[in-house]
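structure.txt, holding compact mmCIF, C-alpha atoms:
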# COMPACT_ATOMS: atom_id res chain seq x y z
CA MET U 469 32.87 3.15 -2.24
CA LYS U 470 33.50 -0.25 -3.81
CA LEU U 471 31.77 -2.79 -1.61
CA MET U 472 31.52 -6.22 -3.20
CA SER U 473 29.31 -5.15 -6.08
CA THR U 474 29.13 -8.78 -7.21
CA LEU U 475 26.84 -9.45 -4.27
CA VAL U 476 24.28 -7.03 -5.60
CA CYS U 477 24.45 -8.79 -8.98
CA ALA U 478 24.11 -12.17 -7.29
CA LEU U 479 21.03 -10.96 -5.47
CA ALA U 480 19.39 -9.79 -8.67
CA LEU U 481 20.21 -12.99 -10.53
CA SER U 482 18.94 -15.16 -7.74
CA LEU U 483 15.69 -13.23 -7.37
CA ALA U 484 15.06 -13.26 -11.09
CA SER U 485 15.33 -17.04 -11.15
CA LEU U 486 12.44 -17.52 -8.75
CA GLN U 487 8.95 -18.32 -9.98
CA ALA U 488 6.40 -15.52 -9.76
CA THR U 489 3.63 -17.60 -8.19
CA ALA U 490 2.67 -16.86 -4.59
CA GLN U 491 3.31 -19.56 -2.00
CA ASP U 492 2.63 -19.91 1.71
CA ILE U 493 5.53 -18.62 3.77
CA ALA U 494 5.87 -20.88 6.83
CA PHE U 495 8.69 -18.96 8.53
CA ASP U 496 9.22 -15.46 9.89
CA PRO U 497 11.35 -13.54 7.35
CA MET U 498 11.90 -10.67 9.77
CA GLU U 499 13.41 -12.93 12.42
CA GLN U 500 15.33 -14.93 9.82
CA GLY U 501 16.81 -11.74 8.39
CA ARG U 502 17.84 -10.52 11.83
CA LYS U 503 19.33 -13.89 12.74
CA LEU U 504 21.43 -14.19 9.58
CA THR U 505 22.58 -10.58 9.84
CA ARG U 506 23.68 -11.15 13.43
CA GLN U 507 25.51 -14.35 12.49
CA PHE U 508 27.21 -12.57 9.59
CA TYR U 509 28.39 -9.75 11.86
CA GLU U 510 29.60 -12.22 14.52
CA GLY U 511 31.54 -14.27 11.97
CA ASP U 512 29.47 -17.46 12.21
CA ILE U 513 29.90 -17.94 8.46
CA ALA U 514 29.19 -21.69 8.44
CA ALA U 515 25.74 -21.04 9.89
CA VAL U 516 25.10 -18.25 7.39
CA VAL U 517 26.07 -20.31 4.35
CA ALA U 518 24.08 -23.28 5.66
CA ALA U 519 20.97 -21.15 5.17
CA PHE U 520 21.76 -20.39 1.49
CA ASP U 521 20.19 -22.15 -1.46
CA ASP U 522 22.56 -23.83 -3.92
CA GLN U 523 22.53 -20.98 -6.43
CA LEU U 524 23.44 -18.34 -3.85
CA THR U 525 26.15 -20.55 -2.37
CA SER U 526 27.70 -20.90 -5.81
CA ALA U 527 27.30 -17.22 -6.71
CA LEU U 528 29.00 -16.00 -3.53
CA GLY U 529 31.82 -18.54 -3.45
CA GLY U 530 30.70 -20.51 -0.40
CA GLU U 531 32.17 -19.89 3.04
CA SER U 532 35.42 -18.41 1.77
CA GLY U 533 33.63 -15.85 -0.39
CA VAL U 534 31.25 -14.78 2.36
CA ARG U 535 34.12 -14.62 4.87
CA THR U 536 36.03 -12.30 2.53
CA PHE U 537 32.95 -10.14 2.11
CA ARG U 538 32.53 -9.85 5.88
CA GLU U 539 36.15 -8.72 6.19
CA GLN U 540 35.48 -6.02 3.60
CA VAL U 541 32.38 -4.82 5.41
CA LEU U 542 34.22 -4.56 8.74
CA ALA U 543 37.23 -2.84 7.17
CA GLN U 544 35.21 -0.28 5.21
CA LEU U 545 32.15 0.26 7.38
CA GLY U 546 33.07 -0.93 10.86
CA ALA U 547 30.46 -2.28 13.24
CA GLU U 548 26.78 -1.52 12.86
CA SER U 549 25.96 1.37 15.20
CA GLU U 550 22.25 1.98 14.68
CA VAL U 551 19.33 0.29 12.93
CA LEU U 552 17.18 2.93 11.22
CA ASP U 553 14.53 0.72 9.71
CA GLU U 554 13.56 -2.89 8.98
CA THR U 555 11.00 -3.99 6.43
CA VAL U 556 9.77 -7.21 4.86
CA THR U 557 8.31 -7.07 1.35
CA ASP U 558 6.22 -9.89 -0.11
CA ARG U 559 7.20 -10.44 -3.74
CA GLY U 560 5.03 -13.46 -4.42
CA SER U 561 7.30 -16.49 -4.33
CA HIS U 562 9.85 -14.88 -2.04
CA GLN U 563 10.12 -12.47 0.87
CA VAL U 564 12.70 -9.67 1.00
CA TYR U 565 14.08 -8.40 4.32
CA GLN U 566 15.72 -4.96 4.22
CA ARG U 567 17.61 -3.43 7.13
CA VAL U 568 18.70 0.20 6.86
CA ALA U 569 21.56 0.86 9.29
CA LYS U 570 24.38 3.20 10.16
CA PHE U 571 27.94 1.99 10.67
CA GLU U 572 30.83 3.34 12.71
CA LYS U 573 33.08 4.29 9.78
CA ASN U 574 30.53 5.73 7.36
CA ALA U 575 28.07 8.58 7.88
CA ALA U 576 25.68 7.49 5.12
CA PRO U 577 23.27 4.61 5.78
CA PHE U 578 23.81 1.20 4.19
CA VAL U 579 21.20 -1.44 3.47
CA VAL U 580 21.43 -5.13 4.37
CA VAL U 581 19.16 -7.16 2.07
CA TRP U 582 18.12 -10.82 2.35
CA ALA U 583 15.75 -12.64 0.01
CA PHE U 584 14.08 -15.89 1.12
CA ASP U 585 12.23 -18.57 -0.78
CA SER U 586 9.08 -20.25 0.55
CA GLN U 587 11.13 -22.74 2.62
CA GLY U 588 13.10 -19.95 4.30
CA ARG U 589 16.30 -20.54 2.33
CA ALA U 590 18.34 -17.43 1.52
CA SER U 591 18.22 -16.86 -2.22
CA GLY U 592 19.85 -13.42 -2.20
CA PHE U 593 22.14 -11.37 0.05
CA ALA U 594 23.66 -7.89 -0.29
CA VAL U 595 25.10 -5.05 1.74
CA THR U 596 24.94 -1.91 -0.35
CA ALA U 597 25.01 1.85 0.00
CA GLN U 598 21.53 3.25 0.35
CA GLN U 599 22.26 5.53 -2.58
CA ALA U 600 22.47 2.39 -4.71
CA MET U 601 18.90 1.55 -3.74
CA GLN U 602 16.02 3.04 -5.70
CA PRO U 603 12.90 4.72 -4.31
CA ALA U 604 9.93 2.39 -4.34
CA PRO U 605 7.87 2.72 -7.52
CA SER U 606 4.69 4.66 -6.94
CA ARG U 607 1.49 5.35 -8.85
CA TYR U 608 0.97 8.45 -6.73
CA LEU U 609 3.86 10.77 -7.58
CA GLU U 610 1.39 13.36 -8.94
CA TYR U 611 -1.24 12.69 -6.27
CA GLU U 612 -2.85 15.63 -4.48
CA THR U 613 -3.88 14.98 -0.88
CA GLN U 614 -7.65 15.14 -0.46
CA ALA U 615 -7.74 15.62 3.33
CA ASP U 616 -7.07 19.09 4.71
CA LEU U 617 -3.90 18.05 6.54
CA ARG U 618 -2.32 20.27 9.19
CA LEU U 619 0.91 19.54 11.02
CA PRO U 620 0.10 17.29 14.01
CA PHE U 621 1.65 19.53 16.68
CA THR U 622 1.43 23.15 17.81
CA ASP U 623 5.04 24.30 18.11
CA GLU U 624 8.24 24.06 16.04
CA TRP U 625 9.64 20.63 15.14
CA THR U 626 12.40 19.57 12.74
CA VAL U 627 12.04 17.07 9.89
CA PHE U 628 14.68 14.41 10.50
CA TRP U 629 13.62 12.24 7.55
CA GLY U 630 11.28 13.55 4.89
CA GLY U 631 11.16 14.08 1.14
CA ARG U 632 10.94 12.03 -2.03
CA THR U 633 14.58 10.97 -2.50
CA LEU U 634 16.57 8.43 -0.52
CA ASP U 635 19.08 11.10 0.46
CA GLN U 636 16.27 13.02 2.11
CA ASN U 637 14.25 10.09 3.36
CA TYR U 638 15.26 6.45 3.81
CA HIS U 639 11.55 5.56 4.02
CA ALA U 640 11.29 6.22 0.29
CA ALA U 641 12.57 2.71 -0.44
CA ASN U 642 9.43 1.25 1.19
CA ARG U 643 6.19 1.09 -0.77
CA GLU U 644 3.88 1.74 2.19
CA GLN U 645 6.02 4.52 3.66
CA ARG U 646 7.10 6.03 0.35
CA PHE U 647 6.37 9.59 1.56
CA ALA U 648 6.76 9.15 5.33
CA TYR U 649 8.21 11.56 7.90
CA ASP U 650 10.22 11.22 11.10
CA ILE U 651 10.01 14.45 13.07
CA VAL U 652 11.85 15.58 16.21
CA VAL U 653 12.41 18.71 18.28
CA VAL U 654 15.87 20.25 18.00
CA ARG U 655 17.50 22.84 20.23
CA ASP U 656 21.03 24.12 19.77
CA GLY U 657 21.67 21.42 17.17
CA SER U 658 20.64 18.48 19.34
CA THR U 659 17.47 16.47 19.92
CA HIS U 660 18.20 16.08 23.63
CA ALA U 661 19.81 17.55 26.72
CA GLY U 662 22.13 15.65 29.05
CA SER U 663 23.46 12.24 28.07
CA GLY U 664 20.47 11.25 25.94
CA ARG U 665 20.15 7.94 27.76
CA SER U 666 16.80 8.87 29.27
CA ASN U 667 13.64 9.52 27.26
CA GLU U 668 13.03 12.58 29.40
CA ASP U 669 16.26 14.07 27.99
CA TYR U 670 14.58 14.42 24.58
CA TYR U 671 12.80 17.67 23.82
CA CYS U 672 9.89 16.05 21.97
CA PHE U 673 9.18 13.34 24.56
CA GLY U 674 5.75 13.85 26.13
CA ARG U 675 4.64 16.60 23.75
CA PRO U 676 1.04 16.41 22.46
CA ILE U 677 0.44 14.82 19.06
CA LEU U 678 -2.67 16.07 17.29
CA ALA U 679 -5.01 14.71 14.64
CA PRO U 680 -3.80 16.14 11.31
CA ALA U 681 -7.35 16.04 9.93
CA GLY U 682 -10.77 14.85 10.99
CA GLY U 683 -11.83 11.24 10.63
CA THR U 684 -12.51 7.94 12.34
CA VAL U 685 -9.94 6.10 14.43
CA VAL U 686 -9.57 2.62 12.94
CA THR U 687 -6.58 1.54 15.08
CA ALA U 688 -5.46 2.72 18.51
CA LEU U 689 -2.80 0.56 20.14
CA ASP U 690 -1.41 1.41 23.56
CA GLY U 691 0.50 -0.51 26.22
CA VAL U 692 3.86 -0.95 24.45
CA PRO U 693 6.70 0.12 26.80
CA ASP U 694 8.92 3.01 25.78
CA ASN U 695 12.43 1.97 24.78
CA VAL U 696 15.64 3.02 26.43
CA PRO U 697 17.17 5.40 23.85
CA GLY U 698 19.46 3.46 21.54
CA GLU U 699 17.50 0.22 21.98
CA MET U 700 14.40 -0.92 20.11
CA ASP U 701 11.36 -3.11 20.81
CA THR U 702 11.20 -4.67 17.37
CA PRO U 703 8.29 -7.15 17.77
CA GLU U 704 5.75 -4.28 17.74
CA LEU U 705 7.17 -2.22 14.90
CA ALA U 706 4.97 0.88 15.17
CA GLY U 707 4.81 0.75 18.96
CA ASN U 708 1.84 2.61 20.35
CA HIS U 709 0.13 4.04 17.30
CA VAL U 710 -3.04 5.52 15.83
CA VAL U 711 -4.52 5.10 12.35
CA ILE U 712 -7.18 7.58 11.20
CA ASP U 713 -9.53 7.08 8.25
CA HIS U 714 -10.04 10.46 6.57
CA GLY U 715 -12.20 9.06 3.77
CA ASN U 716 -11.27 8.93 0.08
CA SER U 717 -8.97 5.96 0.84
CA GLU U 718 -6.59 8.18 2.85
CA TYR U 719 -5.32 6.87 6.18
CA SER U 720 -2.99 8.70 8.54
CA PHE U 721 -0.47 6.61 10.49
CA LEU U 722 1.02 8.21 13.61
CA ALA U 723 3.47 6.01 15.52
CA HIS U 724 5.73 5.63 18.58
CA PHE U 725 3.42 7.27 21.14
CA ARG U 726 4.39 7.32 24.80
CA ASN U 727 3.16 4.28 26.68
CA GLY U 728 -0.19 4.90 28.35
CA SER U 729 -0.73 8.28 26.70
CA LEU U 730 -3.36 7.55 24.02
CA ARG U 731 -6.55 9.55 24.46
CA VAL U 732 -8.51 7.89 21.67
CA LYS U 733 -9.80 4.40 20.96
CA GLU U 734 -10.92 2.47 17.92
CA GLY U 735 -14.20 3.83 16.55
CA ASP U 736 -13.77 7.34 17.93
CA THR U 737 -14.47 10.31 15.69
CA VAL U 738 -11.78 12.95 15.91
CA ALA U 739 -11.62 16.52 14.70
CA GLN U 740 -8.57 18.19 13.30
CA GLY U 741 -6.35 19.32 16.18
CA ASP U 742 -7.72 16.87 18.76
CA THR U 743 -5.00 15.44 20.98
CA LEU U 744 -4.36 11.78 20.15
CA GLY U 745 -1.64 11.14 22.74
CA LEU U 746 1.91 12.12 23.65
CA CYS U 747 5.14 11.71 21.70
CA GLY U 748 7.10 8.68 22.88
CA ASN U 749 9.73 6.10 22.04
CA SER U 750 7.86 2.80 21.64
CA GLY U 751 8.26 0.17 18.94
CA ARG U 752 10.99 0.32 16.32
CA SER U 753 12.34 3.63 17.56
CA SER U 754 15.85 4.40 18.71
CA GLU U 755 14.93 7.76 20.24
CA PRO U 756 11.72 9.71 20.88
CA HIS U 757 10.17 11.06 17.70
CA LEU U 758 6.94 11.19 15.71
CA HIS U 759 6.57 8.95 12.67
CA TYR U 760 3.85 10.06 10.26
CA HIS U 761 2.75 8.82 6.88
CA LEU U 762 -0.34 8.68 4.71
CA GLN U 763 -1.33 5.58 2.75
CA ASN U 764 -4.26 4.15 0.82
CA THR U 765 -5.13 1.29 3.22
CA PRO U 766 -5.32 0.94 7.02
CA ASP U 767 -2.89 -2.01 6.96
CA LEU U 768 0.65 -0.95 7.87
CA THR U 769 2.23 -3.71 5.79
CA ASN U 770 -0.13 -3.83 2.83
CA GLY U 771 -0.80 -0.62 0.97
CA GLU U 772 0.80 2.20 -0.95
CA GLY U 773 2.10 5.42 0.47
CA LEU U 774 0.45 8.70 -0.53
CA PRO U 775 2.03 12.15 -0.61
CA ALA U 776 1.08 14.08 2.53
CA GLN U 777 0.66 17.71 1.57
CA PHE U 778 0.16 19.90 4.62
CA ARG U 779 -1.53 23.27 4.57
CA ASN U 780 -0.62 26.59 6.19
CA TYR U 781 2.67 26.03 7.94
CA TYR U 782 6.01 27.75 8.29
CA ALA U 783 9.13 26.03 6.93
CA ASN U 784 12.31 27.72 8.11
CA ASP U 785 10.13 30.75 8.98
CA GLU U 786 8.64 31.04 5.48
CA LEU U 787 4.89 30.58 5.07
CA VAL U 788 3.84 27.56 2.97
CA ARG U 789 0.19 27.37 1.94
CA ARG U 790 0.41 23.77 0.73
CA GLY U 791 3.52 21.64 0.66
CA GLU U 792 5.54 18.59 1.63
CA PRO U 793 8.20 19.25 4.29
CA VAL U 794 11.68 17.88 3.60
CA ARG U 795 14.66 16.76 5.66
CA GLY U 796 16.23 19.52 7.73
CA GLU U 797 13.30 21.94 7.64
CA ARG U 798 12.05 23.55 10.83
CA VAL U 799 8.26 23.45 10.61
CA ARG U 800 5.42 24.81 12.68
CA PRO U 801 1.72 25.34 11.94
CA ALA U 802 0.65 28.84 11.03
CA ASP U 803 -2.64 28.42 12.87
CA GLY U 804 -1.64 26.47 15.97
CA GLY U 805 -2.71 23.14 14.47
CA ARG U 806 -6.44 23.93 14.32
CA ASP U 807 -8.76 25.61 11.83
Give the structure from this file in structure tokens form.
Amino acid sequence: MKLMSTLVCALALSLASLQATAQDIAFDPMEQGRKLTRQFYEGDIAAVVAAFDDQLTSALGGESGVRTFREQVLAQLGAESEVLDETVTDRGSHQVYQRVAKFEKNAAPFVVVWAFDSQGRASGFAVTAQQAMQPAPSRYLEYETQADLRLPFTDEWTVFWGGRTLDQNYHAANREQRFAYDIVVVRDGSTHAGSGRSNEDYYCFGRPILAPAGGTVVTALDGVPDNVPGEMDTPELAGNHVVIDHGNSEYSFLAHFRNGSLRVKEGDTVAQGDTLGLCGNSGRSSEPHLHYHLQNTPDLTNGEGLPAQFRNYYANDELVRRGEPVRGERVRPADGGRD
């Protein structure tokens, strides 16, 4: 699909022109990215262009150029129907906001990208097919997981997002979540019964989530309300979540727990298979699911993702002794989730 490829070039040129020295960022790039995206969708082009720096204004042809681009987006993609992910990446002298979303007229996700300088001015803007994005570079492509990871549930779940390519896993564009998983329960081809407007309609909602390996709980956040399906509480991105230190600079992140369901607190020692809480729909989550990833720091926004190789599980009814589940696989532990 041809979708204003000059915008992608303009983004790259604008980013390349910025100095590589770090500066204090005195604005919220997440909120700025959301605001400008909303204004772009609503057609408030004057407000959008007013936020551009001079180079971006020139590169995109001012208000008339951006207005034409918006018309192309609406004609080819339609309205945004679902936000899959939002991230902000610190690249020294600028911050990059990326919003992975689905649109009414296209089944494949597209990515809205904004780059901001230290004063909050937009120095780059693009809407591009996710396939045009590249997986985040990683030093850990050949890494072998040190922890004895087991799937963090006892029954059969389905990998909704998982794998090393963007087709398999939109998380792969994010450095911290380079090898992350979103996992749901599917029956008869659906994640829910009924209308899907209630969390209780979803088959995974309220199911126990287990510690994938032993370790020390370094973060345990509870108290974030569960979303109405289709809506998201974006201020607390991970919602109710648990981070476990397994040693060897390996940290498990498990996110979107049901409000009030955590059974662990910071400082607790957990064994593999211990119940951490119940699956929920809190934080940046459009429907109940489990988000899991492994990374080399306990900071959700500052680290590098690590491959999470699980042991002794069935994938589509075939036994896997050690592997990385991928999108579409039905997975269940061979040993019930415990040694």
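Taking all atoms listed in the file, the non-local environment of Leu552 of chain U within 10 Å (same-chain residues fewer than 2 positions away omitted) comprises U:Ser549, U:Glu550, U:Glu554, U:Arg567, U:Val568, U:Ala569, U:Lys570, U:Pro577, U:Phe578, U:Val579, U:Tyr638, U:His639, U:Arg752, U:Ser753, U:Ser754.
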Exercise for the section: Provide the atom CA of Gly630 of chain U to atom CA of Leu744 of chain U distance in Å, to one decimal place. Expected result: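 Computing it gives 21.9 Å between the two atoms.
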Problem - Closest of U:Val738, U:Leu722, U:Gln636, U:Tyr649 to Gly682 of chain U - atom-to-atom distances counting only C-alpha atoms - result: U:Val738
Handout entry: Pro775 of chain U environment, 7 Å, all atoms listed in the file, sequence neighbours closer than 5 positions dropped, as a list in words
Key =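 Here the answer would be Tyr611, Thr613, Phe647 and Leu762 of chain U.
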Problem - Atomic separation - atom CA of Gln566 of chain U relative to atom CA of Arg502 of chain U, Å - result: 9.7 Å
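Minimum atom-to-atom distances from U:Lys503, U:Asp803, U:Gly773, U:Glu548 to Ala604 of chain U were compared using all atoms listed in the file, and the lowest value belongs to U:Gly773.
Minimum distance to Ile513 of chain U across U:His724, U:Lys733, U:Arg618, U:Arg535 (counting all atoms listed in the file) occurs at U:Arg535.
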Handout entry: Using only C-alpha atoms: which of U:Asn667, U:His759, U:Pro676, U:Val732 has the shortest distance to Gly707 of chain U
Key =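 Among the listed residues, the smallest separation from Gly707 of chain U belongs to U:His759.
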Problem - Selection: 9 Å around Tyr781 of chain U, all atoms listed in the file, excl. self and same-chain fewer than 4 positions, as a ChimeraX atom specification - result: /U:618-619,785-791,799-803,805
Practice task
Tell me, as a ChimeraX atom specification, which residues lie within 7 Å of segment 654-659 of chain U, counting only C-alpha atoms; anything in the same chain fewer than 3 positions away does not count.
Solution key: /U:625-626,670-671
Handout entry: Distance in Å - atom CA of Pro703 of chain U versus atom CA of Gly511 of chain U
Key =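 These atoms are spaced 25.0 Å apart.
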Problem - Spatial neighbours of Val517 of chain U, max dist 12 Å, all atoms listed in the file, sep filter under 6 positions, as a list in words - result: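 In the requested form, the answer reads Leu504, Thr505, Gln507, Phe508, Gly511, Gln523, Leu524, Thr525, Ser526, Ala527, Leu528, Gly529, Gly530, Glu531, Ser532, Gly533, Val534, Arg535, Arg589, Ala590, Ser591, Gly592 and Phe593 of chain U.
When all atoms listed in the file are used to compute distances to Pro697 of chain U, the closest of the residues U:Asn727, U:Thr536, U:Ser666, U:Gln614 turns out to be U:Ser666.
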(6.6, 12.7, -6.1) in this file's frame - what residues fall within 9 Å of it? Use all atoms listed in the file and give the answer as a PDB file with C-alpha atoms, in the frame of the given file.
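Heads up, here's the output in out-v3.pdb:
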ATOM      1  CA  SER U 606       4.690   4.660  -6.940  1.00  0.00           C
ATOM      2  CA  TYR U 608       0.970   8.450  -6.730  1.00  0.00           C
ATOM      3  CA  LEU U 609       3.860  10.770  -7.580  1.00  0.00           C
ATOM      4  CA  GLU U 610       1.390  13.360  -8.940  1.00  0.00           C
ATOM      5  CA  TYR U 611      -1.240  12.690  -6.270  1.00  0.00           C
ATOM      6  CA  GLY U 631      11.160  14.080   1.140  1.00  0.00           C
ATOM      7  CA  ARG U 632      10.940  12.030  -2.030  1.00  0.00           C
ATOM      8  CA  THR U 633      14.580  10.970  -2.500  1.00  0.00           C
ATOM      9  CA  PHE U 647       6.370   9.590   1.560  1.00  0.00           C
ATOM     10  CA  PRO U 775       2.030  12.150  -0.610  1.00  0.00           C
TER      11      PRO U 775
END
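The list of residues within 6 Å of (-1.4, 7.9, 21.8), counted using all atoms listed in the file, is Phe725, Ser729, Leu730, Leu744, Gly745 and Leu746 of chain U.
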Completion exercise
Shortest contact to Leu768 of chain U, candidates U:Asp635, U:Glu704, U:Glu755, U:Glu624, atoms counted all atoms listed in the file, goes to U:Glu704
Segment 542-601 of chain U dumped to file, C-alpha atoms, as a compact mmCIF listing (two decimals), in the first residue's frame:
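The resulting file, selection-v1.txt, is shown below:
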# COMPACT_ATOMS: atom_id res chain seq x y z
CA LEU U 542 -8.83 8.18 6.09
CA ALA U 543 -9.40 6.98 2.52
CA GLN U 544 -7.00 4.03 2.74
CA LEU U 545 -7.18 3.03 6.39
CA GLY U 546 -10.40 4.48 7.75
CA ALA U 547 -10.77 5.42 11.40
CA GLU U 548 -8.52 4.00 14.09
CA SER U 549 -10.37 1.08 15.69
CA GLU U 550 -7.97 -0.19 18.35
CA VAL U 551 -4.71 0.89 19.97
CA LEU U 552 -2.45 -2.15 20.41
CA ASP U 553 0.54 -0.49 22.02
CA GLU U 554 2.13 2.85 22.86
CA THR U 555 5.78 3.40 23.65
CA VAL U 556 8.17 6.30 24.18
CA THR U 557 11.85 5.78 23.37
CA ASP U 558 14.56 8.14 24.63
CA ARG U 559 17.09 8.74 21.85
CA GLY U 560 19.22 11.30 23.62
CA SER U 561 18.29 14.69 22.21
CA HIS U 562 14.79 13.63 21.22
CA GLN U 563 11.93 11.40 22.33
CA VAL U 564 10.05 9.12 19.94
CA TYR U 565 6.39 8.22 20.52
CA GLN U 566 5.13 5.13 18.68
CA ARG U 567 1.50 4.05 18.58
CA VAL U 568 0.66 0.67 17.07
CA ALA U 569 -3.00 0.61 16.02
CA LYS U 570 -5.58 -1.16 13.91
CA PHE U 571 -7.80 0.68 11.45
CA GLU U 572 -11.24 -0.07 10.07
CA LYS U 573 -10.19 -0.69 6.46
CA ASN U 574 -6.97 -2.64 6.99
CA ALA U 575 -6.41 -5.86 8.92
CA ALA U 576 -2.67 -5.31 9.45
CA PRO U 577 -1.52 -2.89 12.16
CA PHE U 578 -0.07 0.51 11.26
CA VAL U 579 2.29 2.61 13.33
CA VAL U 580 1.89 6.32 14.13
CA VAL U 581 5.29 7.83 14.95
CA TRP U 582 6.10 11.26 16.43
CA ALA U 583 9.57 12.54 17.28
CA PHE U 584 9.98 15.48 19.68
CA ASP U 585 12.91 17.73 20.47
CA SER U 586 13.76 18.86 24.01
CA GLN U 587 11.24 21.74 23.82
CA GLY U 588 8.42 19.41 22.80
CA ARG U 589 8.35 20.49 19.16
CA ALA U 590 7.50 17.77 16.63
CA SER U 591 10.58 17.06 14.54
CA GLY U 592 9.23 13.98 12.79
CA PHE U 593 5.86 12.44 11.92
CA ALA U 594 4.86 9.28 10.04
CA VAL U 595 2.03 6.81 9.64
CA THR U 596 3.44 3.62 8.18
CA ALA U 597 2.64 -0.05 7.84
CA GLN U 598 4.08 -2.03 10.69
CA GLN U 599 5.81 -4.24 8.15
CA ALA U 600 7.85 -1.18 7.19
CA MET U 601 9.13 -0.97 10.75
